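Read the structure below first, then the notes.
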Amino acid sequence: MREVRSLPYEITQEEHVRIPVADGTRLAAKIWRPVSSDDEPVPGICEYIPYRKRDLTAVRDSVHHPYLAGHGYACVRVDLRGTGESEGVLTDEYVEQEQLDAEDVLAWLAGQPWCDGRTGMMGISWGGFAALQVAARKPPSLRAIVISSFTDDRYSDDFHYMGGCMLSDNLGEAGTMFAYSTLPPDPALVGDRWRDMWRERVEGVGPWVDTWLEHQHRDDYWRHASVCENYSDVGVPVLASSGWADGYSNAVTRLLSHLSVPRKGLIGPWSHKYPHLGEPGPAVGYLQEVVRWWDHWLKDRDNGAMDGPMLLAWMQDSVPPSTSYQERPGRWVGEPQLPSPHIDWRTYPLAQHRIALREEDIPDTALHVESPLSVGQFAGKWASYNAPPDLPYDQREEDGGSLVFDGDELTETAEILGAPKVRLELSVDKPVAMVAARLSDVQPDGRATRVTYGLLNLTHRDGHDDPQPLEPGKRYQVEIELNGVAQAFPPGHRIRLSLSTSYWPLAWPAPEPARLTVYTRGSSVCLPVRPIRESDEVSGSVFGEPEGAAPIPTTQVRPGEQRWTVSRDLVEYESALEIVKDSGTMRLDDIGLDVSRRAYERYSSVADDFASVRGETKWSMTFARGDWEARTETHTVLSCTDREFVLHATVDAYEGAHRVFSRNWNRTFPRKLV
């Protein structure tokens with residue numbers, strides 16, 4: 001990324017500003033704005049997240065907000081209540097109080113003498129969620145939003161549940177927020193109050209996964225702040241982006257299809273990253289596009305921000321299977337609107353272990369599969385961060401425990417853009433079962449690269465609100481929607497569909513093994529084929545070089561460690577996935593603060609004992625300056641029986657070498673057809 005050191009506006013920054021909200025709580029903010037805004041007010045841009053402006057996002061913030069401020073905006077980076085130096089306690093995500101606070105923050109921002117009364121919101125992940133959710137509440141000053149890696153559907157398309165199956169990221173993300181919500185504020189900013197604020201946090205929070213386990217079906221808890229409940233609530237222009245390797249690859253196209261406001265979409269090959277920091281590459285000049293968006297909607301400039309396709313998407317070329325890529329080869333393609341007139345939906349029947357690419361009479365063959373728990377060990381993470389390498393690996397071993405359908409060898413390039421659908425006529429021998437459907441690009445030498453996938457808890461076959469058990473032996477018609485993708489399959493390759501009845505540890509398996517029968521005559525795969533037309537292509541130089549402000553100086557005091565290990569013990573028959581994400585110790589040179597982070601996750605099972613499935617997360621986070629040191633350690637274990645989920649969690653807080661707080665949780669939750 002190119003570091004820009006000369007910007008149109010000279011800027012000033014305020015390190016620690018306290019913004020009051022309606023109930024008297026004060027939220028901590030950092031502000032960058034043009035010096036000239038004292039006399040010539042500018043629009044305000046808010047990023048509103050729980051990830052600690054003082055330290056954990058300080059480097060990223062220093063790249064983004066000075067850049068935007070240097071182009072004539074007042075940027076306000078706010079920590080949610082209970083995080084960083086903000087007062088209060090953070091007990092869950094996307095609650096009503098969080099959004100009320102955001103409305104108060106926008107009203108405060110619009111009322112500042114250096115703000116002209118027009119505001120925007122931006123962010124990635126939680127920040128993208130927040131901006132979209134607040135936009136649906138129609139605060140009067142909000143004129144536009146810029147969002148990355150987000151969802152409009154909190155139940156069906158977030159890290160909690162997918163197709164009614166519980167994701168292991170439900171536990172993984174709960175472990176992350178259990179750690180983040182128990183961290184202390186910085187005494188350098190809040191003074192002696194830091195201990196009382198820290199104590200309030202560690203006493204007031206708990207393992208968030210317990211709340212998420214209480215809501216295993218789509219209910220009012222998940223409907224709250226899910227914009228898909230009423231897209232017309234969003235009344236401001238939206239610039240939305242994501243990546244095909246991210247868990248949040250689907251919401252961009254849904255927004256483009258369903259919103260009525262001015263909107264643009266961008267989907268690259270990236271994992272859970274901003275487009276200008278995109279991994280796998282190519283990264284793009286995203287911040288330039290963001291400035292153009294703000295200039296158009298907050299400064300009324302006729303700059304062509306709405307010109308060109310509604311959606312720009314990276315059409316990915318074929319690559320060998322790998323858990324990480326530096327670059328994904330491909331090209332940008334443009335769609336003028338969504339649904340796209342360029343997409344030709346084609347349905348291909350399933351024959352005996354084949355995808356029938358030509359018209360033929362398909363006999364009604366019954367095919368069976370009962371997958372071992374090991375299917376899924378090479379699935380990668382639901383939401384890839386590309387560190388450690390966490391993309392799906394070669395699918396051949398996974399396919400050994402799956403029902404596989406291969407297409408004919410391709411004689412010319414075939415491209416798809418959209419969310420494939422798998423329609424199955426099936427029966428199962430148990431009342432609760434799941435299906436994982438995977439679409440792969442199979443090379444001539446047999447290597448199989450997963451292109452996309454989808455999950456369905458078959459008790460959710462008619463919807464997620466009121467699941468119903470299966471009647472063993474009864475035939476059902478179901479549809480599984482796979483994640484959206486843009487993928488080119490070259491000549492000589494084959495398209496493969498694989499079906500399995502487990503996908504652990506990406507998704508929690510059913511309570512007991514299930515035998516699935518697929519009936520070919522009523523089964524098919526439906527692909528969003530995009531015929532290649534030169535008239536539909538866009539320029540390869542559609543984006544500039546990635547750029548941003550120079551990051552603040554840091555020193556790596558202790559090196560980090562990244563590890564992703566799959567193991568199988570052939571004596572005890574335990575299989576495990578272990579993940580280490582250790583950032584080492586980084587010193588923020590300008591404030592003399594040392595920050596240490598280490599996360600450990602382990603997902604295991606024994607043989608094909610579905611009651612042996614177990615997930616574990618451990619976090620240790622330390623902040624130190626001089627003779628001050630504060631550390632929190634959190635530990636969460638989720639196991640199960642065929643009828644219950646069993647949760648055990650602990651938090652320990654240390655000041656120096658002395659433990660100053662400790663608490664344990666032990667809870668069980670009935671499995672509600674999960």
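Letters A, B, ... mark the chains of the structure tokens in the order given; residue numbers begin at 1 per chain; ligand numbers begin at 1, in order shown.
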Spatial neighbours of A:Arg54, 12 Å, only C-alpha atoms, chain gap at least 4 places, as a PyMOL selection string
chain A and resi 14-17+28-31+50+58-62+77-79+83-86+184-190+552+588+590-595+623
Written selection (N, CA and C atoms) as an mmCIF file, in the first residue's frame:
```cif
data_model
loop_
_atom_site.group_PDB
_atom_site.id
_atom_site.type_symbol
_atom_site.label_atom_id
_atom_site.label_comp_id
_atom_site.auth_asym_id
_atom_site.auth_seq_id
_atom_site.Cartn_x
_atom_site.Cartn_y
_atom_site.Cartn_z
ATOM 1 N N GLU A 14 -7.683 14.935 18.093
ATOM 2 C CA GLU A 14 -7.965 14.959 19.531
ATOM 3 C C GLU A 14 -7.947 13.513 20.008
ATOM 4 N N GLU A 15 -7.037 13.211 20.908
ATOM 5 C CA GLU A 15 -6.777 11.837 21.315
ATOM 6 C C GLU A 15 -7.925 11.226 22.101
ATOM 7 N N HIS A 16 -8.546 12.001 22.985
ATOM 8 C CA HIS A 16 -9.540 11.414 23.887
ATOM 9 C C HIS A 16 -10.650 12.414 24.133
ATOM 10 N N VAL A 17 -11.802 12.152 23.495
ATOM 11 C CA VAL A 17 -12.982 12.986 23.647
ATOM 12 C C VAL A 17 -14.081 12.122 24.241
ATOM 13 N N ALA A 28 -15.980 6.986 24.629
ATOM 14 C CA ALA A 28 -14.668 7.512 24.274
ATOM 15 C C ALA A 28 -14.524 7.587 22.758
ATOM 16 N N ALA A 29 -13.944 8.676 22.288
ATOM 17 C CA ALA A 29 -13.761 8.880 20.856
ATOM 18 C C ALA A 29 -12.411 9.518 20.583
ATOM 19 N N LYS A 30 -11.902 9.258 19.393
ATOM 20 C CA LYS A 30 -10.728 9.948 18.872
ATOM 21 C C LYS A 30 -11.164 10.652 17.596
ATOM 22 N N ILE A 31 -10.681 11.879 17.394
ATOM 23 C CA ILE A 31 -11.168 12.703 16.289
ATOM 24 C C ILE A 31 -9.995 13.212 15.455
ATOM 25 N N PRO A 50 -16.311 -1.934 18.849
ATOM 26 C CA PRO A 50 -15.866 -2.233 20.222
ATOM 27 C C PRO A 50 -14.399 -2.610 20.337
ATOM 28 N N ALA A 58 -5.498 0.905 16.662
ATOM 29 C CA ALA A 58 -4.813 2.188 16.504
ATOM 30 C C ALA A 58 -4.035 2.275 15.191
ATOM 31 N N VAL A 59 -3.379 1.185 14.797
ATOM 32 C CA VAL A 59 -2.588 1.231 13.566
ATOM 33 C C VAL A 59 -3.514 1.380 12.365
ATOM 34 N N ARG A 60 -4.549 0.565 12.299
ATOM 35 C CA ARG A 60 -5.485 0.665 11.173
ATOM 36 C C ARG A 60 -6.163 2.034 11.139
ATOM 37 N N ASP A 61 -6.572 2.529 12.300
ATOM 38 C CA ASP A 61 -7.216 3.843 12.360
ATOM 39 C C ASP A 61 -6.293 4.928 11.821
ATOM 40 N N SER A 62 -4.992 4.788 12.107
ATOM 41 C CA SER A 62 -4.040 5.824 11.689
ATOM 42 C C SER A 62 -3.840 5.844 10.180
ATOM 43 N N ARG A 77 -13.838 8.280 15.598
ATOM 44 C CA ARG A 77 -13.723 6.835 15.860
ATOM 45 C C ARG A 77 -14.154 6.588 17.297
ATOM 46 N N VAL A 78 -15.320 5.930 17.478
ATOM 47 C CA VAL A 78 -15.970 5.779 18.775
ATOM 48 C C VAL A 78 -15.917 4.328 19.226
ATOM 49 N N ASP A 79 -15.551 4.115 20.500
ATOM 50 C CA ASP A 79 -15.644 2.793 21.121
ATOM 51 C C ASP A 79 -17.029 2.612 21.738
ATOM 52 N N THR A 83 -16.171 -0.686 26.222
ATOM 53 C CA THR A 83 -14.932 -1.061 25.543
ATOM 54 C C THR A 83 -13.985 0.127 25.510
ATOM 55 N N GLY A 84 -12.681 -0.176 25.440
ATOM 56 C CA GLY A 84 -11.697 0.895 25.446
ATOM 57 C C GLY A 84 -11.864 1.762 26.673
ATOM 58 N N GLU A 85 -11.926 3.073 26.460
ATOM 59 C CA GLU A 85 -12.120 4.006 27.574
ATOM 60 C C GLU A 85 -13.564 4.464 27.710
ATOM 61 N N SER A 86 -14.486 3.826 26.985
ATOM 62 C CA SER A 86 -15.909 4.142 27.142
ATOM 63 C C SER A 86 -16.450 3.543 28.426
ATOM 64 N N PRO A 184 -9.306 -3.909 30.369
ATOM 65 C CA PRO A 184 -9.328 -2.670 31.145
ATOM 66 C C PRO A 184 -9.156 -1.443 30.258
ATOM 67 N N PRO A 185 -9.632 -0.279 30.720
ATOM 68 C CA PRO A 185 -9.285 0.970 30.042
ATOM 69 C C PRO A 185 -7.837 1.354 30.361
ATOM 70 N N ASP A 186 -7.338 2.346 29.659
ATOM 71 C CA ASP A 186 -5.960 2.805 29.853
ATOM 72 C C ASP A 186 -5.930 3.874 30.938
ATOM 73 N N PRO A 187 -5.186 3.636 32.047
ATOM 74 C CA PRO A 187 -5.100 4.649 33.118
ATOM 75 C C PRO A 187 -4.571 5.988 32.631
ATOM 76 N N ALA A 188 -3.781 5.996 31.567
ATOM 77 C CA ALA A 188 -3.240 7.260 31.068
ATOM 78 C C ALA A 188 -4.343 8.194 30.583
ATOM 79 N N LEU A 189 -5.518 7.626 30.243
ATOM 80 C CA LEU A 189 -6.629 8.455 29.781
ATOM 81 C C LEU A 189 -7.727 8.617 30.824
ATOM 82 N N VAL A 190 -8.001 7.586 31.621
ATOM 83 C CA VAL A 190 -9.122 7.670 32.572
ATOM 84 C C VAL A 190 -8.663 7.847 34.010
ATOM 85 N N ILE A 552 0.984 4.764 12.311
ATOM 86 C CA ILE A 552 1.756 5.183 13.474
ATOM 87 C C ILE A 552 2.904 4.194 13.699
ATOM 88 N N LEU A 588 3.214 0.249 20.962
ATOM 89 C CA LEU A 588 2.765 1.466 20.302
ATOM 90 C C LEU A 588 3.705 2.574 20.747
ATOM 91 N N ASP A 590 4.240 5.721 20.205
ATOM 92 C CA ASP A 590 3.866 7.083 20.586
ATOM 93 C C ASP A 590 3.279 7.167 21.986
ATOM 94 N N ILE A 591 2.716 6.074 22.507
ATOM 95 C CA ILE A 591 2.152 6.107 23.858
ATOM 96 C C ILE A 591 2.877 5.144 24.804
ATOM 97 N N GLY A 592 3.925 4.476 24.320
ATOM 98 C CA GLY A 592 4.727 3.599 25.172
ATOM 99 C C GLY A 592 3.957 2.442 25.765
ATOM 100 N N LEU A 593 2.983 1.910 25.020
ATOM 101 C CA LEU A 593 2.134 0.832 25.524
ATOM 102 C C LEU A 593 2.483 -0.466 24.824
ATOM 103 N N ASP A 594 2.709 -1.528 25.609
ATOM 104 C CA ASP A 594 2.951 -2.866 25.070
ATOM 105 C C ASP A 594 1.644 -3.653 25.102
ATOM 106 N N VAL A 595 1.286 -4.221 23.975
ATOM 107 C CA VAL A 595 0.045 -4.978 23.843
ATOM 108 C C VAL A 595 0.384 -6.396 23.411
ATOM 109 N N PHE A 623 -1.788 -5.690 28.749
ATOM 110 C CA PHE A 623 -1.413 -4.305 28.467
ATOM 111 C C PHE A 623 -0.418 -3.877 29.530
#
```
Find the nearest atom pair between each residue of stretch 275-304 of chain A and stretch 106-128 of chain A for residues within 12 Å, count only C-alpha atoms, give distances in Å to one decimal, sort rows by chain and ascending number, and present the table as JSON lines.
```
{"residue": "A:Pro275", "atom": "CA", "partner": "A:Ile124", "partner_atom": "CA", "distance": 10.1}
{"residue": "A:Leu277", "atom": "CA", "partner": "A:Ile124", "partner_atom": "CA", "distance": 11.8}
{"residue": "A:Leu287", "atom": "CA", "partner": "A:Met122", "partner_atom": "CA", "distance": 11.5}
{"residue": "A:Val290", "atom": "CA", "partner": "A:Met122", "partner_atom": "CA", "distance": 9.4}
{"residue": "A:Val291", "atom": "CA", "partner": "A:Gly120", "partner_atom": "CA", "distance": 11.5}
{"residue": "A:Trp293", "atom": "CA", "partner": "A:Gly120", "partner_atom": "CA", "distance": 10.3}
{"residue": "A:Trp294", "atom": "CA", "partner": "A:Gly120", "partner_atom": "CA", "distance": 7.8}
{"residue": "A:Asp295", "atom": "CA", "partner": "A:Gly120", "partner_atom": "CA", "distance": 11.0}
{"residue": "A:His296", "atom": "CA", "partner": "A:Gly120", "partner_atom": "CA", "distance": 11.8}
{"residue": "A:Trp297", "atom": "CA", "partner": "A:Gly120", "partner_atom": "CA", "distance": 9.0}
{"residue": "A:Leu298", "atom": "CA", "partner": "A:Arg118", "partner_atom": "CA", "distance": 6.4}
{"residue": "A:Lys299", "atom": "CA", "partner": "A:Arg118", "partner_atom": "CA", "distance": 8.8}
{"residue": "A:Asp300", "atom": "CA", "partner": "A:Arg118", "partner_atom": "CA", "distance": 11.1}
```
Counting only C-alpha atoms, what are the residues of stretch 528-627 of chain A within 12 Å of stretch 323-327 of chain A, and for each of them which pair of atoms is the nearest and at what distance in Å, to one decimal? Sort the table by chain and rising number, as a tab-separated table.
```
residue	atom	partner	partner_atom	distance
A:Arg563	CA	A:Thr323	CA	11.8
A:Trp564	CA	A:Thr323	CA	9.7
A:Thr565	CA	A:Thr323	CA	11.7
```
Neighbour list for A:Arg558 as a PyMOL selection string, cut-off 10 Å, only C-alpha atoms, skip fewer than 3 positions in-chain
chain A and resi 555+561+583-587+594+596
Nearest to A:Val432, restricted to only C-alpha atoms and choosing among A:Ala174, A:Val518, A:Ala510, A:Ala486, comes out as A:Ala510
Can you write out as a tab-separated table which residues of stretch 326-349 of chain A fall within 6 Å of stretch 523-530 of chain A, alongside each residue's closest atom pair and its distance in Å to one decimal, counting only C-alpha atoms and ordering rows by chain and ascending residue number?
```
residue	atom	partner	partner_atom	distance
A:Ile343	CA	A:Arg530	CA	4.9
A:Asp344	CA	A:Val529	CA	5.1
A:Trp345	CA	A:Pro528	CA	4.6
A:Arg346	CA	A:Leu527	CA	5.4
A:Thr347	CA	A:Cys526	CA	4.2
A:Tyr348	CA	A:Val525	CA	5.4
A:Pro349	CA	A:Ser524	CA	4.1
```
Residues within 7 Å of A:Glu279, please, as a VMD selection string. Count only C-alpha atoms; anything in the same chain fewer than 6 positions from it doesn't count.
chain A and resid 270 to 271 273 326 386
Store the residues picked out above in a file with all heavy atoms, as a CSV table (one decimal), in the first residue's frame.
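Result file out.csv:
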```
chain,number,residue,atom,x,y,z
A,270,TRP,N,-11.1,-11.4,-1.6
A,270,TRP,CA,-10.5,-11.2,-0.3
A,270,TRP,C,-11.1,-12.0,0.8
A,270,TRP,O,-12.3,-12.5,0.7
A,270,TRP,CB,-10.6,-9.7,0.1
A,270,TRP,CG,-10.2,-8.8,-1.1
A,270,TRP,CD1,-9.0,-8.8,-1.7
A,270,TRP,CD2,-11.1,-7.8,-1.7
A,270,TRP,NE1,-9.0,-7.8,-2.7
A,270,TRP,CE2,-10.3,-7.2,-2.8
A,270,TRP,CE3,-12.4,-7.4,-1.5
A,270,TRP,CZ2,-10.8,-6.2,-3.6
A,270,TRP,CZ3,-12.9,-6.4,-2.4
A,270,TRP,CH2,-12.1,-5.8,-3.4
A,271,SER,N,-10.4,-12.2,1.9
A,271,SER,CA,-10.9,-12.7,3.1
A,271,SER,C,-11.5,-11.5,3.9
A,271,SER,O,-12.0,-10.6,3.3
A,271,SER,CB,-9.8,-13.4,3.9
A,271,SER,OG,-8.7,-12.4,4.2
A,273,LYS,N,-11.2,-8.7,5.1
A,273,LYS,CA,-10.3,-7.5,5.1
A,273,LYS,C,-11.0,-6.4,4.3
A,273,LYS,O,-11.8,-6.6,3.4
A,273,LYS,CB,-9.0,-7.9,4.4
A,273,LYS,CG,-8.3,-9.1,5.0
A,273,LYS,CD,-7.5,-8.8,6.2
A,273,LYS,CE,-6.6,-10.0,6.6
A,273,LYS,NZ,-5.9,-9.7,7.8
A,326,GLN,N,-1.4,-15.7,-2.0
A,326,GLN,CA,-1.0,-14.3,-2.1
A,326,GLN,C,-1.9,-13.5,-3.0
A,326,GLN,O,-2.3,-12.4,-2.7
A,326,GLN,CB,0.4,-14.2,-2.5
A,326,GLN,CG,1.4,-14.1,-1.3
A,326,GLN,CD,2.8,-13.6,-1.8
A,326,GLN,OE1,3.3,-13.9,-2.8
A,326,GLN,NE2,3.3,-12.7,-1.0
A,386,ASN,N,-7.2,-15.2,6.7
A,386,ASN,CA,-6.0,-15.5,6.0
A,386,ASN,C,-4.7,-15.4,6.9
A,386,ASN,O,-3.6,-15.3,6.4
A,386,ASN,CB,-5.8,-14.5,4.8
A,386,ASN,CG,-5.1,-15.1,3.6
A,386,ASN,OD1,-5.4,-16.3,3.3
A,386,ASN,ND2,-4.2,-14.4,3.0
```
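Candidate residues A:Val375, A:Val435, A:Gly401, A:Val451 were compared for distance to A:Ser322, and the nearest is A:Val451, using only C-alpha atoms.
Restricting the calculation to only C-alpha atoms, the smallest distance between A:Thr452 and any of A:Pro559, A:Gly247, A:Gly615, A:Gly172 is found for A:Gly247.
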Pick from A:Glu481, A:Glu633, A:Asp39, A:Glu601, whichever lies nearest to A:Ala419 using only C-alpha atoms
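Counting only C-alpha atoms, the residue closest to A:Ala419 is A:Glu481.
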Name the residues of stretch 295-357 of chain A that come out as strand (DSSP E) in a backbone DSSP run; write them as a CSV table (one decimal) with N, CA, C and O atoms, in the first residue's frame.
```
chain,number,residue,atom,x,y,z
A,311,LEU,N,-22.6,-3.5,-9.7
A,311,LEU,CA,-21.7,-4.4,-9.0
A,311,LEU,C,-20.4,-4.6,-9.8
A,311,LEU,O,-20.5,-4.9,-11.0
A,312,LEU,N,-19.3,-4.5,-9.1
A,312,LEU,CA,-18.0,-4.9,-9.7
A,312,LEU,C,-17.6,-6.2,-8.9
A,312,LEU,O,-17.5,-6.1,-7.7
A,313,ALA,N,-17.3,-7.3,-9.6
A,313,ALA,CA,-16.9,-8.5,-9.0
A,313,ALA,C,-15.7,-9.1,-9.6
A,313,ALA,O,-15.5,-9.0,-10.8
A,314,TRP,N,-14.9,-9.8,-8.8
A,314,TRP,CA,-13.6,-10.4,-9.3
A,314,TRP,C,-14.0,-11.8,-9.7
A,314,TRP,O,-14.3,-12.7,-8.9
A,315,MET,N,-13.9,-12.0,-11.1
A,315,MET,CA,-14.1,-13.4,-11.6
A,315,MET,C,-12.9,-14.1,-11.4
A,315,MET,O,-11.8,-13.9,-12.1
A,316,GLN,N,-12.9,-15.1,-10.5
A,316,GLN,CA,-11.7,-15.9,-10.1
A,316,GLN,C,-11.4,-16.9,-11.1
A,316,GLN,O,-12.2,-17.7,-11.5
A,330,GLY,N,-7.5,-13.5,-12.0
A,330,GLY,CA,-8.8,-13.3,-12.5
A,330,GLY,C,-9.0,-11.9,-13.1
A,330,GLY,O,-8.0,-11.3,-13.5
A,331,ARG,N,-10.2,-11.4,-13.2
A,331,ARG,CA,-10.5,-10.1,-13.8
A,331,ARG,C,-11.7,-9.6,-13.2
A,331,ARG,O,-12.6,-10.3,-12.7
A,332,TRP,N,-11.9,-8.2,-13.4
A,332,TRP,CA,-13.1,-7.6,-12.9
A,332,TRP,C,-14.2,-7.7,-13.9
A,332,TRP,O,-13.9,-7.5,-15.1
A,333,VAL,N,-15.4,-8.0,-13.5
A,333,VAL,CA,-16.6,-8.0,-14.4
A,333,VAL,C,-17.6,-7.1,-13.7
A,333,VAL,O,-17.6,-6.9,-12.5
A,334,GLY,N,-18.5,-6.6,-14.6
A,334,GLY,CA,-19.5,-5.6,-14.1
A,334,GLY,C,-20.9,-6.1,-14.4
A,334,GLY,O,-21.1,-6.6,-15.5
A,335,GLU,N,-21.8,-5.8,-13.4
A,335,GLU,CA,-23.2,-6.1,-13.6
A,335,GLU,C,-24.0,-4.8,-13.5
A,335,GLU,O,-23.8,-4.1,-12.5
A,344,ASP,N,-27.5,-16.5,-16.7
A,344,ASP,CA,-28.4,-17.6,-17.2
A,344,ASP,C,-28.5,-18.7,-16.3
A,344,ASP,O,-27.5,-19.5,-16.2
A,345,TRP,N,-29.6,-18.9,-15.5
A,345,TRP,CA,-29.7,-20.0,-14.6
A,345,TRP,C,-29.9,-21.3,-15.3
A,345,TRP,O,-30.9,-21.4,-16.0
A,346,ARG,N,-29.1,-22.2,-15.1
A,346,ARG,CA,-29.2,-23.5,-15.8
A,346,ARG,C,-29.2,-24.6,-14.8
A,346,ARG,O,-28.4,-24.7,-13.8
A,347,THR,N,-30.2,-25.5,-15.0
A,347,THR,CA,-30.4,-26.6,-14.1
A,347,THR,C,-29.9,-27.9,-14.7
A,347,THR,O,-30.2,-28.3,-15.8
A,348,TYR,N,-29.1,-28.7,-13.9
A,348,TYR,CA,-28.5,-29.9,-14.4
A,348,TYR,C,-28.9,-31.0,-13.4
A,348,TYR,O,-28.6,-31.0,-12.2
A,349,PRO,N,-29.6,-32.0,-14.0
A,349,PRO,CA,-30.0,-33.2,-13.1
A,349,PRO,C,-28.8,-34.0,-12.6
A,349,PRO,O,-27.8,-34.0,-13.2
A,350,LEU,N,-29.1,-34.6,-11.4
A,350,LEU,CA,-28.1,-35.5,-10.9
A,350,LEU,C,-28.4,-36.9,-11.3
A,350,LEU,O,-29.5,-37.4,-11.1
A,351,ALA,N,-27.4,-37.6,-11.9
A,351,ALA,CA,-27.5,-39.0,-12.2
A,351,ALA,C,-26.7,-39.8,-11.3
A,351,ALA,O,-26.2,-39.2,-10.2
A,354,ARG,N,-23.1,-38.7,-11.2
A,354,ARG,CA,-22.7,-37.7,-12.3
A,354,ARG,C,-23.7,-36.5,-12.2
A,354,ARG,O,-24.8,-36.6,-11.8
A,355,ILE,N,-23.1,-35.4,-12.7
A,355,ILE,CA,-23.9,-34.2,-13.1
A,355,ILE,C,-24.2,-34.4,-14.5
A,355,ILE,O,-23.3,-34.4,-15.4
```
Residue contacts of stretch 423-427 of chain A (12 Å, only C-alpha atoms) excluding same-chain residues fewer than 2 positions away, as JSON, numbers by chain:
{"A": [347, 348, 349, 350, 351, 364, 365, 366, 367, 368, 369, 420, 421, 429, 430, 431, 432, 433, 434, 435, 436, 437, 454, 456, 458, 459, 461, 470, 471, 472, 473, 474, 475, 476, 477, 478, 479, 480, 481, 482, 497, 499, 514, 515, 516, 517, 518, 519, 520, 521, 522, 523, 524, 525, 526, 527]}
Find the spatial neighbours of A:Glu203, counting only C-alpha atoms, within a cut-off of 10 Å - ignore same-chain residues fewer than 3 positions away - and output them as a ChimeraX atom specification.
/A:89,182,198-200,206,651,661-663
Using the selection just defined, write its residues with N, CA and C atoms as a tab-separated table (two decimals), in the first residue's frame.
```
chain	number	residue	atom	x	y	z
A	89	VAL	N	-20.76	-1.35	30.34
A	89	VAL	CA	-20.43	-2.77	30.14
A	89	VAL	C	-21.02	-3.22	28.81
A	182	THR	N	-13.81	-7.90	28.47
A	182	THR	CA	-13.29	-7.92	29.84
A	182	THR	C	-11.97	-7.17	29.99
A	198	TRP	N	-12.76	-1.39	35.16
A	198	TRP	CA	-12.39	-2.77	34.82
A	198	TRP	C	-13.21	-3.76	35.64
A	199	ARG	N	-13.33	-3.48	36.93
A	199	ARG	CA	-14.09	-4.37	37.82
A	199	ARG	C	-15.55	-4.46	37.35
A	200	GLU	N	-16.12	-3.33	36.97
A	200	GLU	CA	-17.50	-3.33	36.49
A	200	GLU	C	-17.64	-4.23	35.26
A	206	GLY	N	-20.27	-11.94	30.57
A	206	GLY	CA	-20.19	-13.40	30.64
A	206	GLY	C	-19.86	-13.93	29.27
A	651	VAL	N	-13.18	-16.61	33.59
A	651	VAL	CA	-12.42	-15.38	33.35
A	651	VAL	C	-11.57	-15.11	34.58
A	661	PHE	N	-9.50	-10.95	40.14
A	661	PHE	CA	-10.88	-11.35	39.91
A	661	PHE	C	-10.89	-12.71	39.25
A	662	SER	N	-11.88	-13.54	39.61
A	662	SER	CA	-12.04	-14.84	38.97
A	662	SER	C	-13.51	-15.24	39.03
A	663	ARG	N	-14.00	-15.83	37.94
A	663	ARG	CA	-15.39	-16.28	37.92
A	663	ARG	C	-15.53	-17.47	37.00
```
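Taking atom CA of A:Glu644 and atom CA of A:Tyr503 as the two end points, the separation is 19.5 Å.
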Check stretch 118-255 of chain A with DSSP on the backbone and list each residue it calls alpha helix (DSSP H), as a PyMOL selection string.
chain A and resi 126-135+169-180+187-190+194-204+209-214+220-223+251-255
Just checking: using only C-alpha atoms, which residue out of A:Tyr274, A:Trp619, A:Tyr385, A:Trp665 ends up closest to A:Gly175?
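Going through A:Tyr274, A:Trp619, A:Tyr385, A:Trp665 one by one, the smallest distance to A:Gly175 is for A:Trp619.
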Here is a test: counting only C-alpha atoms, which residue of A:Phe543, A:Tyr393, A:Tyr9, A:Tyr48 is nearest to A:Leu68?
A:Tyr9
Find the residues around A:Ala414 up to 9 Å (only C-alpha atoms counted), leave out those fewer than 6 positions away in its own chain, and share them as a PyMOL selection string.
chain A and resi 487-491+529-532
Keeping N, CA and C atoms, export the residues of the selection given above as a compact mmCIF listing (two decimals), in the first residue's frame.
```txt
# COMPACT_ATOMS: atom_id res chain seq x y z
N GLN A 487 -16.62 -17.58 -10.40
CA GLN A 487 -15.58 -18.58 -10.64
C GLN A 487 -15.59 -19.02 -12.09
N ALA A 488 -14.38 -19.10 -12.67
CA ALA A 488 -14.20 -19.63 -14.02
C ALA A 488 -13.66 -21.06 -13.94
N PHE A 489 -14.28 -21.97 -14.67
CA PHE A 489 -13.83 -23.37 -14.78
C PHE A 489 -13.24 -23.55 -16.18
N PRO A 490 -11.95 -23.86 -16.29
CA PRO A 490 -11.32 -23.91 -17.62
C PRO A 490 -11.56 -25.24 -18.33
N PRO A 491 -11.28 -25.28 -19.64
CA PRO A 491 -11.38 -26.55 -20.38
C PRO A 491 -10.48 -27.62 -19.75
N VAL A 529 -24.92 -19.35 -14.53
CA VAL A 529 -23.92 -19.29 -15.59
C VAL A 529 -23.88 -17.87 -16.17
N ARG A 530 -22.66 -17.37 -16.32
CA ARG A 530 -22.47 -16.03 -16.91
C ARG A 530 -21.72 -16.20 -18.23
N PRO A 531 -22.44 -16.23 -19.35
CA PRO A 531 -21.75 -16.37 -20.64
C PRO A 531 -20.75 -15.24 -20.84
N ILE A 532 -19.63 -15.55 -21.44
CA ILE A 532 -18.57 -14.57 -21.63
C ILE A 532 -18.89 -13.73 -22.86
```
